[in-house]
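Asker: Okay, so here is target.tsv, and as you'll see once you scroll down, it has TSV, C-alpha atoms.
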chain	number	residue	atom	x	y	z
A	1	MET	CA	55.41	71.95	-211.99
A	2	SER	CA	56.22	69.99	-208.85
A	3	ASN	CA	54.10	67.01	-207.78
A	4	LYS	CA	54.54	67.99	-204.13
A	5	PRO	CA	51.71	69.68	-202.27
A	6	GLU	CA	51.91	73.45	-202.06
A	7	ILE	CA	54.25	74.72	-199.35
A	8	TRP	CA	51.45	75.60	-196.92
A	9	LEU	CA	50.29	71.95	-197.02
A	10	ARG	CA	53.73	70.59	-196.11
A	11	GLY	CA	53.43	71.55	-192.46
A	12	PRO	CA	54.67	74.33	-190.23
A	13	LEU	CA	58.07	75.86	-190.85
A	14	ASP	CA	60.68	75.61	-188.13
A	15	ASN	CA	61.43	78.77	-186.17
A	16	ILE	CA	58.68	80.88	-187.80
A	17	PRO	CA	56.08	82.21	-185.33
A	18	ALA	CA	52.63	80.67	-185.93
A	19	LEU	CA	51.01	83.95	-186.98
A	20	LEU	CA	53.73	84.50	-189.60
A	21	GLN	CA	53.57	81.02	-191.14
A	22	PRO	CA	51.21	82.08	-193.98
A	23	MET	CA	53.58	84.85	-195.09
A	24	ALA	CA	56.58	82.52	-194.99
A	25	HIS	CA	54.63	79.85	-196.89
A	26	ALA	CA	53.68	82.36	-199.61
A	27	LEU	CA	57.27	83.57	-200.04
A	28	LEU	CA	58.59	80.02	-200.22
A	29	GLN	CA	55.83	79.02	-202.67
A	30	ALA	CA	56.72	81.95	-204.90
A	31	ARG	CA	60.41	81.06	-204.76
A	32	GLU	CA	59.75	77.43	-205.64
A	33	GLU	CA	57.47	78.30	-208.56
A	34	ILE	CA	59.69	81.08	-209.92
A	35	ASN	CA	62.88	79.04	-209.77
A	36	GLU	CA	61.19	76.15	-211.56
A	37	LEU	CA	59.58	78.46	-214.13
A	38	MET	CA	62.79	80.33	-214.92
A	39	LEU	CA	65.04	77.27	-215.13
A	40	ASN	CA	66.71	77.49	-218.55
A	41	PHE	CA	64.79	80.67	-219.46
A	42	PRO	CA	66.69	82.36	-222.32
A	43	ASP	CA	68.37	85.60	-221.29
A	44	GLU	CA	67.53	87.15	-224.65
A	45	LEU	CA	63.83	87.11	-223.68
A	46	LEU	CA	64.39	88.60	-220.21
A	47	TRP	CA	63.37	92.13	-221.20
A	48	GLU	CA	60.77	91.28	-223.84
A	49	ARG	CA	57.30	92.72	-223.38
A	50	ILE	CA	54.14	91.31	-224.91
A	51	ALA	CA	50.81	93.17	-225.15
A	52	GLY	CA	52.09	95.92	-222.87
A	53	MET	CA	52.82	93.47	-220.03
A	54	ALA	CA	55.90	93.97	-217.91
A	55	SER	CA	58.95	91.93	-218.91
A	56	PRO	CA	60.14	88.89	-216.96
A	57	GLY	CA	63.22	90.92	-215.99
A	58	PHE	CA	61.05	93.64	-214.46
A	59	HIS	CA	59.07	91.10	-212.43
A	60	LEU	CA	62.24	89.49	-211.08
A	61	GLN	CA	63.73	92.88	-210.14
A	62	HIS	CA	60.46	94.08	-208.64
A	63	LEU	CA	59.90	90.91	-206.62
A	64	ALA	CA	63.28	91.24	-204.93
A	65	GLY	CA	62.86	94.99	-204.50
A	66	VAL	CA	59.39	94.98	-203.02
A	67	ILE	CA	60.28	92.32	-200.46
A	68	ASN	CA	63.36	94.33	-199.51
A	69	ARG	CA	61.42	97.59	-199.19
A	70	LEU	CA	58.42	96.26	-197.29
A	71	PHE	CA	60.56	94.35	-194.83
A	72	THR	CA	62.64	97.51	-194.29
A	73	TYR	CA	59.46	99.40	-193.36
A	74	ALA	CA	58.41	96.51	-191.09
A	75	ARG	CA	61.67	97.02	-189.16
A	76	GLY	CA	60.60	100.63	-188.61
A	77	GLN	CA	63.19	102.01	-191.03
A	78	GLN	CA	62.87	104.22	-194.07
A	79	LEU	CA	64.51	103.38	-197.39
A	80	SER	CA	68.18	104.07	-197.95
A	81	GLN	CA	69.51	105.94	-200.96
A	82	GLN	CA	70.65	102.61	-202.40
A	83	GLN	CA	67.13	101.18	-202.10
A	84	LEU	CA	65.64	104.26	-203.76
A	85	GLU	CA	68.13	103.95	-206.63
A	86	ALA	CA	67.28	100.26	-207.03
A	87	LEU	CA	63.58	101.18	-207.18
A	88	THR	CA	64.28	103.68	-209.96
A	89	ALA	CA	66.27	101.05	-211.87
A	90	GLU	CA	63.50	98.42	-211.82
A	91	GLY	CA	62.54	97.45	-215.35
A	92	LYS	CA	65.70	98.80	-216.93
A	93	PRO	CA	67.98	96.20	-218.47
A	94	ALA	CA	71.45	96.43	-216.95
A	95	ASN	CA	73.56	93.46	-218.05
A	96	GLN	CA	71.60	91.18	-215.76
A	97	THR	CA	70.97	87.55	-216.57
A	98	THR	CA	68.11	85.36	-215.46
A	99	HIS	CA	70.56	83.63	-213.12
A	100	ILE	CA	71.63	86.91	-211.49
A	101	LEU	CA	68.05	88.11	-211.03
A	102	LEU	CA	66.99	84.77	-209.55
A	103	LYS	CA	69.93	84.87	-207.17
A	104	GLN	CA	68.90	88.35	-206.00
A	105	PHE	CA	65.28	87.25	-205.53
A	106	ASN	CA	66.31	84.12	-203.60
A	107	LYS	CA	68.59	86.19	-201.39
A	108	GLN	CA	65.69	88.54	-200.53
A	109	VAL	CA	63.40	85.62	-199.71
A	110	ASP	CA	66.09	84.23	-197.39
A	111	ALA	CA	66.48	87.62	-195.70
A	112	ALA	CA	62.71	87.92	-195.31
A	113	LEU	CA	62.45	84.46	-193.75
A	114	SER	CA	65.23	85.33	-191.37
A	115	GLN	CA	63.41	88.52	-190.37
A	116	LEU	CA	60.14	86.61	-189.88
A	117	GLN	CA	61.98	84.19	-187.57
A	118	GLU	CA	63.22	87.10	-185.48
A	119	THR	CA	59.89	88.93	-185.31
A	120	ASP	CA	58.22	88.97	-181.91
A	121	PRO	CA	54.50	88.38	-182.51
A	122	VAL	CA	53.76	91.03	-179.87
A	123	THR	CA	55.02	93.67	-182.34
A	124	LEU	CA	52.72	92.66	-185.21
A	125	THR	CA	50.15	95.40	-184.60
A	126	GLU	CA	52.73	98.15	-184.09
A	127	TYR	CA	52.46	101.20	-186.33
A	128	ARG	CA	54.90	101.52	-189.21
A	129	ALA	CA	55.31	104.51	-191.52
A	130	VAL	CA	55.51	103.71	-195.22
A	131	GLY	CA	57.27	105.85	-197.78
A	132	ARG	CA	57.99	109.54	-197.96
A	133	GLY	CA	54.35	110.25	-197.18
A	134	LYS	CA	54.66	108.19	-193.98
A	135	LEU	CA	51.46	106.33	-194.81
A	136	PRO	CA	50.12	104.22	-191.93
A	137	SER	CA	50.57	100.47	-191.74
A	138	THR	CA	51.54	97.83	-189.20
A	139	VAL	CA	54.24	95.19	-189.04
A	140	ILE	CA	51.77	92.46	-189.97
A	141	GLY	CA	50.20	94.65	-192.65
A	142	LEU	CA	53.59	95.03	-194.32
A	143	TYR	CA	54.33	91.31	-194.08
A	144	VAL	CA	50.93	90.35	-195.51
A	145	HIS	CA	51.28	92.87	-198.32
A	146	ALA	CA	54.78	91.58	-199.13
A	147	ALA	CA	53.40	88.04	-199.39
A	148	GLU	CA	50.34	88.91	-201.48
A	149	HIS	CA	52.25	91.30	-203.73
A	150	THR	CA	54.88	88.63	-204.29
A	151	MET	CA	52.22	86.09	-205.27
A	152	ARG	CA	50.52	88.61	-207.57
A	153	HIS	CA	53.76	89.20	-209.48
A	154	THR	CA	54.52	85.47	-209.46
A	155	GLY	CA	51.27	84.91	-211.35
A	156	GLN	CA	51.99	87.74	-213.77
A	157	LEU	CA	55.50	86.39	-214.37
A	158	LEU	CA	54.11	82.91	-215.01
A	159	VAL	CA	51.73	84.17	-217.69
A	160	THR	CA	54.32	86.41	-219.33
A	161	VAL	CA	56.95	83.67	-219.47
A	162	LYS	CA	54.49	81.10	-220.84
A	163	VAL	CA	53.35	83.50	-223.56
A	164	LEU	CA	56.93	84.46	-224.48
A	165	LEU	CA	58.03	80.83	-224.69
A	166	THR	CA	55.10	79.87	-226.92
A	167	THR	CA	55.96	82.66	-229.38
A	168	LEU	CA	59.47	81.29	-230.08
Can you give me the file's structure in the form of structure tokens?
Answerer:
Amino acid sequence: MSNKPEIWLRGPLDNIPALLQPMAHALLQAREEINELMLNFPDELLWERIAGMASPGFHLQHLAGVINRLFTYARGQQLSQQQLEALTAEGKPANQTTHILLKQFNKQVDAALSQLQETDPVTLTEYRAVGRGKLPSTVIGLYVHAAEHTMRHTGQLLVTVKVLLTTL
């Protein structure tokens, strides 16, 4: 892994409101760790599962998908049909390579950072409805959950990949 300090110790990020810095730092930390971890990862292991754990491919799909969905809710929108179909497809191999899945994840992190830059801190406590059940959350609640959920799956992906690579 990198010898640099973790992202949050590298200073504030340009154009990200102060209250949203921790979420941006977490997303960037996940991206840095995942891209380093998955560099040269063999595509033939992408959908392998060990001890009932989710496959690396699932984690990569889910990471991109959950960021996309939670940031959609934070904008006050409900999911589109395309997003619902992508959710249903998570974990199902579909001619995707590690490179393609990483590209999709990186694109979602970029979109999330862009949205964080555009977020007015005054809106952070505004109500947002989540899912078909319209469960209650707030803009900041969705951003925090996106960051912590991303880091949770980053850790799971790290363990799964390390175990898979040691079994070769």
Asker: Skipping near chain neighbours, those fewer than 3 positions away, what residues fall within 12 Å of Asp120 in chain A using only C-alpha atoms, listed as a PyMOL selection string?
Answerer: chain A and resi 15-20+74-75+115-117+123-126+139-140
Asker: Do you know which residues lie at most 8 Å from (59.3, 91.8, -203.7), with coordinates as in the file and all atoms listed in the file counted, and could you write them as number ranges by chain?
Answerer: A: 61-70, 105, 108, 146, 149-150
Asker: Please determine, counting all atoms listed in the file, which residue among A:Ser137, A:Asn35, A:Ser55, A:Asn3 has the shortest atom-to-atom distance to Val163 in chain A.
Answerer: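 Nearest to Val163 in chain A: A:Ser55.
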Asker: State, in Å with one decimal place, the distance from CA of Met23 in chain A to CA of Glu118 in chain A.
Answerer: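 Straight-line distance from CA of Met23 in chain A to CA of Glu118 in chain A works out to 13.8 Å.
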Asker: Pick the closest to Leu28 in chain A from A:Ile100, A:Phe41, A:Ile7, A:Ala94: which is it, counting only C-alpha atoms?
Answerer: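 Selected residue with least distance to Leu28 in chain A: A:Ile7.
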Asker: What is the CA of Pro93 in chain A-CA of Trp47 in chain A distance in Å, reported with one decimal?
Answerer: 6.7 Å
Asker: With distances taken over all atoms listed in the file, which residue among A:Ser114, A:Ala26, A:Gln81, A:Val159 lies nearest Asp14 in chain A?
Answerer: A:Ser114
Asker: So the first atom is CA of Leu39 in chain A and the second is CA of Arg10 in chain A; what is the distance between them in Å, to one decimal place?
Answerer: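 Value for the CA of Leu39 in chain A-CA of Arg10 in chain A distance: 23.1 Å.
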Asker: With distances taken over only C-alpha atoms, which residue among A:Ala129, A:Ile34, A:Val161, A:Ala147 lies nearest Tyr73 in chain A?
Answerer: A:Ala129
Asker: Which residue is closest to Leu101 in chain A? Choose from A:Pro56, A:Pro121, A:Pro12, A:Pro22 and count only C-alpha atoms.
Answerer: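 Of the candidates, the smallest distance to Leu101 in chain A is held by A:Pro56.
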Asker: May I ask which of the residues A:Phe71, A:Glu148, A:Glu32, A:Thr166 is the closest one to Glu6 in chain A, counting all atoms listed in the file?
Answerer: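 That would be A:Glu32, the residue with the smallest distance to Glu6 in chain A.
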Asker: Write out as a list of chain:residue names the residues lying within 12 Å of Lys134 in chain A, counting only C-alpha atoms and excluding same-chain residues fewer than 3 positions away.
Answerer: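 Once the adjacent positions are removed, what remains is A:Tyr73, A:Gly76, A:Gln77, A:Gln78, A:Leu79, A:Tyr127, A:Arg128, A:Ala129, A:Val130, A:Gly131, A:Ser137, A:Thr138.
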Asker: Quick one: range 133-155 of chain A with N, CA and C atoms, as a short mmCIF file (atom, residue, chain, number, x, y, z; two decimals), in the first residue's frame?
Answerer:
data_model
loop_
_atom_site.label_atom_id
_atom_site.label_comp_id
_atom_site.auth_asym_id
_atom_site.auth_seq_id
_atom_site.Cartn_x
_atom_site.Cartn_y
_atom_site.Cartn_z
N GLY A 133 -40.28 2.55 0.13
CA GLY A 133 -40.96 2.78 1.40
C GLY A 133 -40.85 4.21 1.89
N LYS A 134 -40.12 5.03 1.15
CA LYS A 134 -39.93 6.45 1.49
C LYS A 134 -39.46 6.61 2.95
N LEU A 135 -38.45 5.82 3.30
CA LEU A 135 -37.91 5.86 4.65
C LEU A 135 -37.20 7.20 4.88
N PRO A 136 -37.26 7.73 6.09
CA PRO A 136 -36.74 9.07 6.34
C PRO A 136 -35.23 9.12 6.50
N SER A 137 -34.62 10.10 5.85
CA SER A 137 -33.21 10.39 6.03
C SER A 137 -33.03 11.89 5.79
N THR A 138 -31.79 12.30 5.73
CA THR A 138 -31.43 13.68 5.41
C THR A 138 -30.32 13.65 4.37
N VAL A 139 -30.04 14.81 3.81
CA VAL A 139 -28.96 14.90 2.83
C VAL A 139 -27.65 14.42 3.47
N ILE A 140 -27.33 14.95 4.64
CA ILE A 140 -26.06 14.54 5.27
C ILE A 140 -26.11 13.08 5.71
N GLY A 141 -27.26 12.60 6.12
CA GLY A 141 -27.38 11.19 6.49
C GLY A 141 -27.06 10.28 5.31
N LEU A 142 -27.52 10.65 4.13
CA LEU A 142 -27.25 9.85 2.93
C LEU A 142 -25.77 9.93 2.55
N TYR A 143 -25.18 11.11 2.66
CA TYR A 143 -23.76 11.25 2.34
C TYR A 143 -22.89 10.45 3.31
N VAL A 144 -23.21 10.54 4.60
CA VAL A 144 -22.43 9.80 5.59
C VAL A 144 -22.57 8.30 5.36
N HIS A 145 -23.80 7.86 5.10
CA HIS A 145 -24.00 6.43 4.88
C HIS A 145 -23.27 5.98 3.62
N ALA A 146 -23.27 6.78 2.57
CA ALA A 146 -22.53 6.42 1.35
C ALA A 146 -21.06 6.25 1.66
N ALA A 147 -20.50 7.14 2.46
CA ALA A 147 -19.08 7.06 2.81
C ALA A 147 -18.78 5.84 3.67
N GLU A 148 -19.58 5.62 4.72
CA GLU A 148 -19.29 4.49 5.60
C GLU A 148 -19.59 3.16 4.93
N HIS A 149 -20.60 3.10 4.12
CA HIS A 149 -20.92 1.86 3.40
C HIS A 149 -19.82 1.54 2.39
N THR A 150 -19.30 2.57 1.75
CA THR A 150 -18.20 2.39 0.81
C THR A 150 -16.97 1.84 1.53
N MET A 151 -16.65 2.40 2.69
CA MET A 151 -15.49 1.91 3.43
C MET A 151 -15.71 0.49 3.95
N ARG A 152 -16.93 0.18 4.34
CA ARG A 152 -17.22 -1.19 4.80
C ARG A 152 -16.94 -2.20 3.69
N HIS A 153 -17.44 -1.91 2.48
CA HIS A 153 -17.22 -2.83 1.36
C HIS A 153 -15.77 -2.81 0.89
N THR A 154 -15.10 -1.69 1.07
CA THR A 154 -13.67 -1.64 0.73
C THR A 154 -12.91 -2.64 1.60
N GLY A 155 -13.21 -2.66 2.87
CA GLY A 155 -12.57 -3.62 3.77
C GLY A 155 -12.90 -5.06 3.42
#
